[in-house]
$ cat final_11.txt   # compact mmCIF, C-alpha atoms and all ligand atoms
# COMPACT_ATOMS: atom_id res chain seq x y z
CA MET T 1 -14.89 -10.18 39.05
CA PRO T 2 -11.22 -9.07 39.24
CA LEU T 3 -8.83 -9.23 36.31
CA PRO T 4 -7.47 -12.73 35.65
CA SER T 5 -4.47 -13.33 37.91
CA ARG T 6 -2.23 -14.01 34.87
CA ALA T 7 -3.01 -10.53 33.59
CA LEU T 8 -1.37 -9.10 36.70
CA ASP T 9 1.89 -10.95 36.09
CA PRO T 10 3.65 -8.62 33.62
CA ALA T 11 4.40 -10.16 30.23
CA PRO T 12 7.95 -9.99 28.85
CA PRO T 13 8.66 -7.11 26.45
CA ASP T 14 8.37 -7.80 22.73
CA PRO T 15 11.70 -9.26 21.55
CA ILE T 16 12.08 -6.60 18.84
CA LEU T 17 9.91 -3.59 19.74
CA GLY T 18 10.96 -3.97 23.40
CA LEU T 19 14.55 -3.37 22.28
CA ALA T 20 13.44 -0.21 20.46
CA GLU T 21 12.13 1.12 23.77
CA ALA T 22 15.35 0.18 25.57
CA PHE T 23 17.34 1.93 22.81
CA ARG T 24 15.31 5.11 23.13
CA ALA T 25 15.89 5.13 26.89
CA ASP T 26 19.67 4.56 26.53
CA PRO T 27 21.41 7.92 27.27
CA ARG T 28 24.71 7.00 25.53
CA GLU T 29 25.40 9.15 22.48
CA SER T 30 27.46 6.44 20.85
CA LYS T 31 24.60 3.88 20.86
CA VAL T 32 23.86 2.06 17.61
CA ASN T 33 20.49 0.54 16.74
CA LEU T 34 20.83 -2.53 14.54
CA ALA T 35 17.80 -4.15 16.15
CA VAL T 36 14.56 -2.88 14.68
CA GLY T 37 13.56 -3.84 11.14
CA VAL T 38 13.20 -0.32 9.82
CA PHE T 39 15.16 1.11 6.88
CA VAL T 40 17.33 4.08 7.79
CA ASP T 41 19.49 6.28 5.59
CA GLU T 42 23.09 7.33 6.13
CA THR T 43 21.95 9.96 8.65
CA GLY T 44 20.10 7.33 10.69
CA ARG T 45 16.68 8.64 9.67
CA THR T 46 13.80 6.71 8.16
CA PRO T 47 13.03 8.86 5.14
CA VAL T 48 9.59 9.69 3.81
CA LEU T 49 9.72 8.73 0.14
CA PRO T 50 9.24 11.66 -2.28
CA SER T 51 6.63 9.63 -4.23
CA VAL T 52 4.71 9.19 -0.98
CA LEU T 53 4.75 12.93 -0.31
CA THR T 54 3.48 13.67 -3.82
CA ALA T 55 0.74 11.07 -3.54
CA GLU T 56 -0.22 12.28 -0.09
CA ARG T 57 -0.61 15.85 -1.37
CA ARG T 58 -2.89 14.61 -4.12
CA VAL T 59 -4.94 12.58 -1.67
CA LEU T 60 -5.36 15.55 0.66
CA GLU T 61 -6.22 17.93 -2.20
CA ALA T 62 -8.88 15.51 -3.44
CA GLY T 63 -10.45 15.88 0.01
CA ALA T 64 -12.29 12.56 -0.21
CA SER T 65 -14.88 11.72 2.41
CA ARG T 66 -13.67 9.84 5.46
CA THR T 67 -16.57 7.47 5.59
CA TYR T 68 -15.88 3.77 6.23
CA LEU T 69 -14.11 1.77 3.58
CA PRO T 70 -15.63 -1.51 2.39
CA ILE T 71 -14.70 -4.39 4.72
CA GLU T 72 -12.22 -5.76 2.16
CA GLY T 73 -10.79 -2.30 1.45
CA ARG T 74 -10.48 0.06 -1.51
CA PRO T 75 -11.20 -1.64 -4.86
CA GLY T 76 -8.48 0.33 -6.68
CA TYR T 77 -5.94 -0.56 -4.02
CA ARG T 78 -6.85 -4.23 -4.15
CA ASP T 79 -6.33 -4.25 -7.92
CA ALA T 80 -3.06 -2.34 -7.60
CA VAL T 81 -1.66 -4.84 -5.08
CA ARG T 82 -2.07 -7.63 -7.61
CA THR T 83 0.00 -5.68 -10.14
CA LEU T 84 2.89 -5.96 -7.69
CA LEU T 85 2.48 -9.68 -7.11
CA PHE T 86 2.02 -10.82 -10.69
CA ALA T 87 3.51 -9.94 -14.06
CA PRO T 88 1.21 -7.86 -16.30
CA GLY T 89 -1.44 -10.04 -17.91
CA HIS T 90 -0.73 -12.99 -15.58
CA GLU T 91 -3.56 -15.47 -15.78
CA ALA T 92 -3.98 -15.54 -11.98
CA VAL T 93 -5.16 -11.92 -12.29
CA THR T 94 -7.00 -12.02 -15.64
CA SER T 95 -8.90 -15.17 -14.60
CA GLY T 96 -9.94 -13.56 -11.31
CA ARG T 97 -8.52 -16.44 -9.27
CA ALA T 98 -6.41 -14.06 -7.14
CA ALA T 99 -8.63 -12.11 -4.73
CA THR T 100 -7.20 -9.41 -2.47
CA ALA T 101 -8.35 -7.78 0.77
CA GLN T 102 -6.70 -4.66 2.21
CA THR T 103 -5.33 -5.19 5.74
CA PRO T 104 -3.59 -3.11 8.43
CA GLY T 105 0.02 -3.99 7.54
CA GLY T 106 1.52 -7.38 6.95
CA THR T 107 0.79 -8.39 10.53
CA GLY T 108 -2.90 -7.70 9.97
CA ALA T 109 -2.78 -9.83 6.83
CA LEU T 110 -1.17 -12.73 8.71
CA ARG T 111 -3.70 -12.59 11.52
CA VAL T 112 -6.65 -12.35 9.13
CA ALA T 113 -5.20 -15.32 7.21
CA ALA T 114 -4.98 -17.38 10.39
CA ASP T 115 -8.49 -16.41 11.52
CA PHE T 116 -9.90 -17.11 8.06
CA LEU T 117 -8.38 -20.60 8.00
CA LEU T 118 -9.51 -21.50 11.51
CA GLN T 119 -12.97 -20.08 11.09
CA THR T 120 -13.53 -22.13 7.91
CA GLY T 121 -12.48 -25.34 9.65
CA GLY T 122 -9.17 -25.27 7.86
CA PRO T 123 -5.77 -26.39 9.02
CA ARG T 124 -4.82 -26.21 12.66
CA THR T 125 -1.09 -26.82 12.24
CA VAL T 126 1.28 -24.23 10.85
CA TRP T 127 4.94 -24.85 9.96
CA LEU T 128 7.40 -21.99 10.45
CA SER T 129 11.04 -21.84 9.42
CA GLN T 130 13.52 -22.16 12.27
CA PRO T 131 14.43 -19.34 12.74
CA THR T 132 11.73 -16.92 11.66
CA TRP T 133 10.35 -13.46 12.51
CA PRO T 134 9.54 -13.91 16.23
CA ASN T 135 6.01 -12.54 15.90
CA HIS T 136 5.01 -15.51 13.70
CA GLN T 137 5.12 -17.88 16.67
CA GLN T 138 2.81 -15.94 18.95
CA LEU T 139 0.56 -14.70 16.16
CA PHE T 140 -0.35 -18.19 14.95
CA ARG T 141 -0.40 -19.69 18.44
CA LEU T 142 -2.72 -17.02 19.82
CA ALA T 143 -4.95 -17.34 16.75
CA GLY T 144 -5.37 -20.97 17.83
CA MET T 145 -3.01 -22.95 15.61
CA ALA T 146 -0.48 -25.59 16.60
CA VAL T 147 2.99 -24.36 15.63
CA ARG T 148 5.67 -26.70 14.23
CA THR T 149 9.02 -25.70 12.77
CA TYR T 150 11.07 -26.83 9.79
CA PRO T 151 14.88 -26.46 9.62
CA TYR T 152 16.13 -23.69 7.37
CA LEU T 153 19.87 -23.06 7.66
CA ASP T 154 22.78 -25.47 7.37
CA ALA T 155 25.33 -25.98 10.15
CA THR T 156 27.28 -22.85 9.16
CA GLY T 157 24.19 -20.76 9.86
CA ARG T 158 24.90 -18.88 6.62
CA ARG T 159 23.20 -20.95 3.89
CA LEU T 160 19.91 -22.65 3.17
CA ASP T 161 19.69 -26.36 3.90
CA ALA T 162 17.06 -27.10 1.26
CA ASP T 163 17.25 -30.89 1.78
CA ALA T 164 16.58 -30.59 5.50
CA MET T 165 13.77 -28.08 4.91
CA LEU T 166 12.06 -30.15 2.23
CA GLY T 167 12.64 -33.39 4.15
CA GLU T 168 10.78 -32.02 7.17
CA LEU T 169 7.97 -30.60 5.05
CA ARG T 170 7.51 -34.02 3.45
CA ASP T 171 6.44 -35.19 6.94
CA ALA T 172 3.78 -32.47 7.25
CA ALA T 173 0.20 -33.72 7.19
CA PRO T 174 -2.07 -32.93 4.24
CA GLY T 175 -3.80 -29.63 4.85
CA ASP T 176 -1.06 -28.23 7.09
CA VAL T 177 -0.06 -24.61 6.53
CA VAL T 178 3.54 -23.71 5.69
CA VAL T 179 4.72 -20.14 6.10
CA LEU T 180 7.34 -19.14 3.51
CA HIS T 181 9.10 -15.79 3.29
CA GLY T 182 8.51 -14.52 -0.27
CA SER T 183 11.91 -12.77 -0.35
CA CYS T 184 14.50 -11.34 2.03
CA HIS T 185 13.98 -13.96 4.75
CA ASN T 186 13.77 -12.44 8.21
CA PRO T 187 16.03 -12.95 10.19
CA THR T 188 18.53 -14.86 8.01
CA GLY T 189 18.71 -12.92 4.72
CA VAL T 190 18.89 -16.37 3.08
CA ASP T 191 16.37 -17.05 0.29
CA PRO T 192 15.67 -20.17 -1.77
CA ASP T 193 16.71 -19.76 -5.41
CA VAL T 194 14.13 -20.24 -8.16
CA SER T 195 14.91 -23.92 -8.64
CA THR T 196 14.44 -24.51 -4.89
CA TRP T 197 11.12 -22.62 -5.08
CA HIS T 198 10.07 -25.17 -7.72
CA GLU T 199 11.01 -27.99 -5.32
CA ILE T 200 9.09 -26.30 -2.49
CA ALA T 201 6.06 -26.05 -4.78
CA GLU T 202 6.39 -29.74 -5.68
CA VAL T 203 6.47 -30.80 -2.02
CA ALA T 204 3.53 -28.52 -1.22
CA ALA T 205 1.56 -30.10 -4.08
CA GLU T 206 2.60 -33.66 -3.18
CA ARG T 207 1.68 -33.22 0.51
CA SER T 208 -1.37 -30.97 -0.10
CA LEU T 209 0.12 -28.20 2.02
CA LEU T 210 -1.30 -24.69 2.03
CA PRO T 211 1.48 -22.08 1.71
CA ILE T 212 1.18 -18.66 3.29
CA VAL T 213 3.76 -16.41 1.66
CA ASP T 214 4.83 -13.65 4.03
CA PHE T 215 5.92 -10.89 1.66
CA ALA T 216 7.16 -7.98 3.76
CA TYR T 217 10.24 -6.88 1.79
CA GLN T 218 9.27 -6.91 -1.89
CA GLY T 219 11.90 -4.91 -3.75
CA PHE T 220 14.58 -5.05 -1.05
CA GLY T 221 16.19 -8.19 -2.55
CA ASP T 222 16.74 -8.15 -6.32
CA GLY T 223 13.86 -5.92 -7.49
CA ILE T 224 10.10 -5.57 -7.32
CA ALA T 225 9.38 -8.13 -10.05
CA ASP T 226 12.37 -10.40 -9.31
CA ASP T 227 11.41 -10.73 -5.65
CA ALA T 228 7.95 -11.92 -6.71
CA ALA T 229 9.46 -14.92 -8.55
CA SER T 230 8.43 -17.06 -5.55
CA ILE T 231 4.77 -16.10 -6.05
CA GLY T 232 5.00 -16.81 -9.79
CA VAL T 233 6.41 -20.30 -9.14
CA LEU T 234 3.67 -21.23 -6.65
CA ALA T 235 0.94 -19.87 -8.95
CA GLY T 236 2.47 -21.67 -11.95
CA ALA T 237 2.45 -24.95 -10.03
CA GLY T 238 -1.34 -24.71 -9.72
CA LEU T 239 -1.27 -24.51 -5.92
CA GLU T 240 -3.79 -22.66 -3.82
CA PHE T 241 -2.02 -20.29 -1.42
CA LEU T 242 -2.24 -17.01 0.47
CA VAL T 243 0.06 -13.99 0.20
CA CYS T 244 0.45 -11.52 3.07
CA SER T 245 1.90 -8.28 1.68
CA SER T 246 3.30 -5.49 3.81
CA PHE T 247 3.99 -2.02 2.41
CA SER T 248 5.56 -0.80 5.64
CA LYS T 249 9.11 -1.14 4.32
CA ASN T 250 8.98 -0.72 0.54
CA PHE T 251 6.80 2.43 0.77
CA ALA T 252 8.29 3.45 4.16
CA LEU T 253 4.71 3.73 5.42
CA TYR T 254 5.37 1.90 8.68
CA ALA T 255 3.01 3.90 10.87
CA GLU T 256 0.18 3.95 8.34
CA ARG T 257 -0.43 0.19 8.55
CA VAL T 258 -0.77 -0.76 4.89
CA GLY T 259 -0.91 -4.37 3.77
CA ALA T 260 -2.97 -6.94 1.93
CA LEU T 261 -4.07 -10.55 2.01
CA THR T 262 -4.32 -12.17 -1.42
CA ILE T 263 -5.95 -15.55 -1.89
CA VAL T 264 -4.78 -17.42 -4.96
CA ALA T 265 -7.29 -20.19 -5.68
CA GLN T 266 -7.90 -22.70 -8.46
CA ASP T 267 -10.54 -20.51 -10.05
CA ALA T 268 -12.38 -17.24 -9.60
CA ALA T 269 -15.43 -18.83 -7.97
CA ARG T 270 -13.27 -20.38 -5.22
CA ALA T 271 -11.34 -17.13 -4.68
CA ASP T 272 -14.55 -15.09 -4.46
CA ALA T 273 -16.15 -17.54 -2.04
CA ALA T 274 -13.05 -17.54 0.16
CA LEU T 275 -13.05 -13.73 0.19
CA THR T 276 -16.54 -13.71 1.70
CA HIS T 277 -15.07 -15.56 4.72
CA VAL T 278 -12.10 -13.21 4.86
CA ARG T 279 -14.65 -10.39 5.13
CA ILE T 280 -16.08 -12.03 8.26
CA ALA T 281 -12.60 -12.40 9.78
CA ILE T 282 -12.00 -8.69 9.18
CA ARG T 283 -15.44 -7.50 10.30
CA SER T 284 -15.18 -9.36 13.60
CA ASN T 285 -11.66 -8.12 14.21
CA TYR T 286 -11.29 -4.44 13.24
CA SER T 287 -14.37 -3.98 11.04
CA ASN T 288 -12.69 -2.31 8.08
CA PRO T 289 -9.20 -1.08 7.26
CA PRO T 290 -7.68 2.40 7.67
CA ALA T 291 -7.79 4.51 4.50
CA HIS T 292 -4.87 6.91 4.40
CA GLY T 293 -1.84 4.71 3.67
CA ALA T 294 -3.74 2.59 1.17
CA GLN T 295 -4.83 5.72 -0.72
CA ILE T 296 -1.19 6.73 -0.99
CA VAL T 297 -0.09 3.30 -2.25
CA GLU T 298 -2.97 3.17 -4.72
CA THR T 299 -2.19 6.67 -6.01
CA ILE T 300 1.44 5.73 -6.60
CA LEU T 301 0.79 2.36 -8.21
CA CYS T 302 -1.96 3.67 -10.50
CA ASP T 303 0.03 6.62 -11.89
CA PRO T 304 2.75 5.37 -14.26
CA ALA T 305 5.08 8.34 -13.64
CA LEU T 306 4.72 8.19 -9.87
CA ARG T 307 5.13 4.45 -9.93
CA ALA T 308 8.35 4.82 -11.90
CA ASP T 309 9.60 7.33 -9.29
CA TRP T 310 8.73 4.94 -6.50
CA GLU T 311 10.58 2.07 -8.20
CA VAL T 312 13.68 4.27 -8.37
CA GLU T 313 13.30 5.08 -4.67
CA VAL T 314 13.00 1.39 -3.79
CA ALA T 315 16.09 0.71 -5.90
CA GLY T 316 17.87 3.38 -3.85
CA MET T 317 16.99 1.64 -0.58
CA ARG T 318 18.01 -1.71 -2.05
CA SER T 319 21.33 -0.38 -3.19
CA ARG T 320 22.10 1.16 0.21
CA ILE T 321 21.37 -2.19 1.86
CA ARG T 322 23.62 -4.02 -0.61
CA GLY T 323 26.38 -1.46 -0.22
CA ASN T 324 26.19 -1.79 3.55
CA ARG T 325 26.44 -5.57 3.34
CA GLY T 326 29.60 -5.25 1.31
CA ALA T 327 31.10 -2.60 3.59
CA PHE T 328 30.27 -4.69 6.67
CA VAL T 329 31.88 -7.84 5.28
CA ASP T 330 34.93 -5.88 4.13
CA ALA T 331 35.31 -4.29 7.57
CA LEU T 332 34.90 -7.60 9.41
CA GLY T 333 37.49 -9.17 7.11
CA ALA T 334 39.91 -6.25 7.46
CA ALA T 335 39.66 -6.46 11.25
CA GLY T 336 40.39 -10.19 11.05
CA LEU T 337 37.34 -11.15 13.07
CA PRO T 338 36.99 -14.92 13.44
CA GLY T 339 34.02 -16.35 11.53
CA GLU T 340 32.68 -16.92 8.05
CA TRP T 341 31.38 -13.52 6.94
CA GLU T 342 31.60 -13.63 3.15
CA PRO T 343 28.12 -15.21 2.61
CA LEU T 344 26.53 -12.13 4.24
CA ARG T 345 27.56 -10.11 1.19
CA GLY T 346 25.21 -11.95 -1.17
CA GLN T 347 22.29 -12.37 1.21
CA ARG T 348 19.09 -10.42 0.58
CA GLY T 349 17.14 -7.82 2.46
CA MET T 350 17.94 -5.90 5.59
CA PHE T 351 18.83 -8.73 7.94
CA ALA T 352 21.84 -10.87 8.65
CA LEU T 353 22.35 -13.41 11.41
CA LEU T 354 25.74 -13.09 13.00
CA GLY T 355 25.32 -16.19 15.18
CA LEU T 356 26.91 -14.61 18.24
CA GLY T 357 24.83 -16.18 20.99
CA ALA T 358 22.60 -14.38 23.46
CA GLU T 359 25.39 -13.62 25.96
CA ARG T 360 27.57 -11.74 23.49
CA VAL T 361 24.53 -9.86 22.19
CA GLU T 362 23.73 -8.82 25.75
CA ARG T 363 27.34 -7.67 26.27
CA LEU T 364 27.25 -5.67 23.06
CA ARG T 365 24.19 -3.84 24.32
CA ARG T 366 25.34 -3.37 27.90
CA GLU T 367 28.99 -2.48 27.38
CA PHE T 368 29.01 -0.92 23.91
CA GLY T 369 25.44 0.30 23.31
CA VAL T 370 25.20 -1.80 20.14
CA TYR T 371 21.68 -3.21 19.89
CA MET T 372 20.80 -6.40 17.98
CA VAL T 373 18.00 -8.95 18.25
CA GLY T 374 18.14 -12.46 19.77
CA ALA T 375 21.39 -14.27 19.15
CA GLY T 376 22.69 -11.64 16.72
CA ARG T 377 20.23 -10.49 14.06
CA VAL T 378 21.40 -7.20 12.66
CA ASN T 379 19.64 -4.74 10.41
CA VAL T 380 22.44 -3.87 8.01
CA ALA T 381 20.61 -0.70 6.94
CA GLY T 382 21.41 0.66 10.41
CA LEU T 383 25.15 0.69 9.63
CA THR T 384 26.65 4.03 8.63
CA GLN T 385 30.19 5.09 7.73
CA GLU T 386 30.29 6.72 11.12
CA ASN T 387 29.14 3.82 13.29
CA LEU T 388 30.64 0.92 11.31
CA PRO T 389 34.13 1.12 12.89
CA ARG T 390 32.56 1.19 16.37
CA VAL T 391 30.33 -1.79 15.58
CA VAL T 392 33.30 -3.79 14.28
CA GLU T 393 35.45 -2.89 17.31
CA SER T 394 32.67 -3.94 19.67
CA LEU T 395 32.23 -7.20 17.81
CA ALA T 396 35.97 -7.80 17.98
CA ALA T 397 35.86 -7.28 21.75
CA VAL T 398 33.02 -9.72 22.37
CA LEU T 399 34.33 -12.31 19.90
CA ALA T 400 37.72 -12.26 21.60
CA SER T 401 36.19 -13.53 24.84
C1 LIG Z 1 8.72 -11.25 8.03
C2 LIG Z 1 7.80 -10.16 8.41
N1 LIG Z 1 6.49 -10.32 8.25
C3 LIG Z 1 5.62 -9.37 8.57
C4 LIG Z 1 6.03 -8.17 9.09
C5 LIG Z 1 4.99 -7.17 9.50
O1 LIG Z 1 4.93 -6.05 8.77
P1 LIG Z 1 3.95 -4.85 9.18
O2 LIG Z 1 4.75 -3.90 9.97
O3 LIG Z 1 3.49 -4.34 7.87
O4 LIG Z 1 2.83 -5.42 9.98
C6 LIG Z 1 7.39 -7.94 9.30
C7 LIG Z 1 7.83 -6.67 9.89
O5 LIG Z 1 8.86 -6.55 10.47
C8 LIG Z 1 8.29 -8.96 8.94
O6 LIG Z 1 9.61 -8.82 9.12
$ encode --input "final_11.txt" --output "structure tokens"
Amino acid sequence: MPLPSRALDPAPPDPILGLAEAFRADPRESKVNLAVGVFVDETGRTPVLPSVLTAERRVLEAGASRTYLPIEGRPGYRDAVRTLLFAPGHEAVTSGRAATAQTPGGTGALRVAADFLLQTGGPRTVWLSQPTWPNHQQLFRLAGMAVRTYPYLDATGRRLDADAMLGELRDAAPGDVVVLHGSCHNPTGVDPDVSTWHEIAEVAAERSLLPIVDFAYQGFGDGIADDAASIGVLAGAGLEFLVCSSFSKNFALYAERVGALTIVAQDAARADAALTHVRIAIRSNYSNPPAHGAQIVETILCDPALRADWEVEVAGMRSRIRGNRGAFVDALGAAGLPGEWEPLRGQRGMFALLGLGAERVERLRREFGVYMVGAGRVNVAGLTQENLPRVVESLAAVLAS
């Protein structure tokens, strides 16, 4: 039996990682990568965090066996993840109603969440913000869910339209899943404030929706604990929900694939029962998670001094991102570029949507070697003092046409 004929018709490149390949292949020295969602420092490098290096040394010196991990991952890691999601002594942790499984990255957590829900006869419809991280669409669709979208931004494309978002979610059917970005919404940089999170929780309770909180940028917005306010609100509202954590960005452990799926249920018995099904989703998918990155994260989070160092390092990344936002808005304003740029200054996380349209984005890449995603998602961390003037000049050129 030959390969299916569709398998011989090449698939399009990934909208984000495909651009990374195109960037690597671009011979121009002046090229600027604002496309991929990876933190870079002023020299354009993705640093290895000093706390990670220290933890890694300890892990290697300990020389632990490389036998398989439990299906749901390292117990110490699973406990440590919950200390990031919830304030110390939070009842969701002390009661045992939050149960965590280690996963390969945030993507692994999302896929395990989808498989877990489908395999337990759960919801078949998932609601995603429009726009969202492009991988959400295909991940949930290929897992077997029907994908619907809810509006997110107002007509300016710069602010949340909470009424439109909540209005659409009020039409969702009981049992539907709604994916929410815990902080630092990708690609818009626009987050609900705490009072809007309360309204979201109310609608989710009213309509019996099951939130999945995609939490890939904890610490890149206002701080490690502040960014988890969304989780606290949902837990406080008595909802059952899932959290998909990624430690790719905040520990700069991208290639190590470190993440977690946390189930927050009404009580410990429900959380424990649900975790037994999560184990099946994992076992049938990749059997058990990789050890190395999770050992590093666990070592950092369980050592108060190392954890304090890591928090300072995250604050450093956050402050670079914020500084870059300000510098970008100042430079756009100084160059007199048409458009409303000021809201970008106060947005959170690495991304901003410039709203340029696909044609201008294509021109930026082709003529100027400035790479962005879709209709103009930029990673502001990719801006440096050196490339900023060139980026602004290129934008001026394409906006003038
Ligand atoms: C919103 C969002 N969710 C999930 C992920 C996946 O993270 P990971 O690389 O840990 O799989 C990303 C990464 O870019 C993301 O932006």
$ residues_around --input "final_11.txt" --residues "T:Ala271" --least-positions-apart "4" --cutoff "6 Å" --atoms "only C-alpha atoms" --output "list in words"
Arg97, Ala99 and Ala265 of chain T
$ closest_residue --input "final_11.txt" --among "T:Glu91, T:Glu311, T:Asp267, T:Asp214" --to "T:Leu180" --atoms "all atoms listed in the file"
T:Asp214
$ residues_near_ligand --input "final_11.txt" --ligand "ligand LIG 1 (chain Z)" --cutoff "10 Å" --atoms "all atoms listed in the file" --output "PyMOL selection string"
chain T and resi 16-17+36-38+103-111+132-136+179-187+213-217+244-250+252-260+350-351
$ closest_residue --input "final_11.txt" --among "T:Glu340, T:Asp41, T:Glu367, T:Asp176" --to "T:Ala146" --atoms "only C-alpha atoms"
T:Asp176
$ residues_around --input "final_11.txt" --residues "T:Val32" --least-positions-apart "5" --cutoff "12 Å" --atoms "only C-alpha atoms" --output "MDAnalysis selection string"
chainID T and resid 19:20 22:24 26:27 40 44 364:372 378:384 386:392 394
$ closest_residue --input "final_11.txt" --among "T:Ala173, T:Ala80, T:Ala335, T:Leu49" --to "T:Pro304" --atoms "all atoms listed in the file"
T:Ala80
$ closest_residue --input "final_11.txt" --among "T:Ala225, T:Leu354, T:Leu166, T:Ile282" --to "T:Phe328" --atoms "all atoms listed in the file"
T:Leu354
$ residues_near_point --input "final_11.txt" --point "(-9.6, -16.4, 6.8)" --cutoff "8 Å" --atoms "all atoms listed in the file" --output "count of residues only"
15
$ atom_distance --input "final_11.txt" --atom1 "atom CA of T:Glu240" --atom2 "atom CA of T:Val264"
5.5 Å
$ residues_near_point --input "final_11.txt" --point "(5.5, -37.0, -3.5)" --cutoff "12 Å" --atoms "all atoms listed in the file" --output "PyMOL selection string"
chain T and resi 166-167+169-172+174+199-209
$ write_last_selection --input "final_11.txt" --atoms "C-alpha atoms" --output "short mmCIF file (atom, residue, chain, number, x, y, z; two decimals), keeping the file's coordinate frame"
data_model
loop_
_atom_site.label_atom_id
_atom_site.label_comp_id
_atom_site.auth_asym_id
_atom_site.auth_seq_id
_atom_site.Cartn_x
_atom_site.Cartn_y
_atom_site.Cartn_z
CA LEU T 166 12.06 -30.15 2.23
CA GLY T 167 12.64 -33.39 4.15
CA LEU T 169 7.97 -30.60 5.05
CA ARG T 170 7.51 -34.02 3.45
CA ASP T 171 6.44 -35.19 6.94
CA ALA T 172 3.78 -32.47 7.25
CA PRO T 174 -2.07 -32.93 4.24
CA GLU T 199 11.01 -27.99 -5.32
CA ILE T 200 9.09 -26.30 -2.49
CA ALA T 201 6.06 -26.05 -4.78
CA GLU T 202 6.39 -29.74 -5.68
CA VAL T 203 6.47 -30.80 -2.02
CA ALA T 204 3.53 -28.52 -1.22
CA ALA T 205 1.56 -30.10 -4.08
CA GLU T 206 2.60 -33.66 -3.18
CA ARG T 207 1.68 -33.22 0.51
CA SER T 208 -1.37 -30.97 -0.10
CA LEU T 209 0.12 -28.20 2.02
#
$ closest_residue --input "final_11.txt" --among "T:Gly63, T:Gly175, T:Gly96, T:Gly339" --to "T:Pro211" --atoms "all atoms listed in the file"
T:Gly175
$ closest_residue --input "final_11.txt" --among "T:Gly293, T:Gly18, T:Gly238, T:Gly223" --to "T:Val59" --atoms "only C-alpha atoms"
T:Gly293
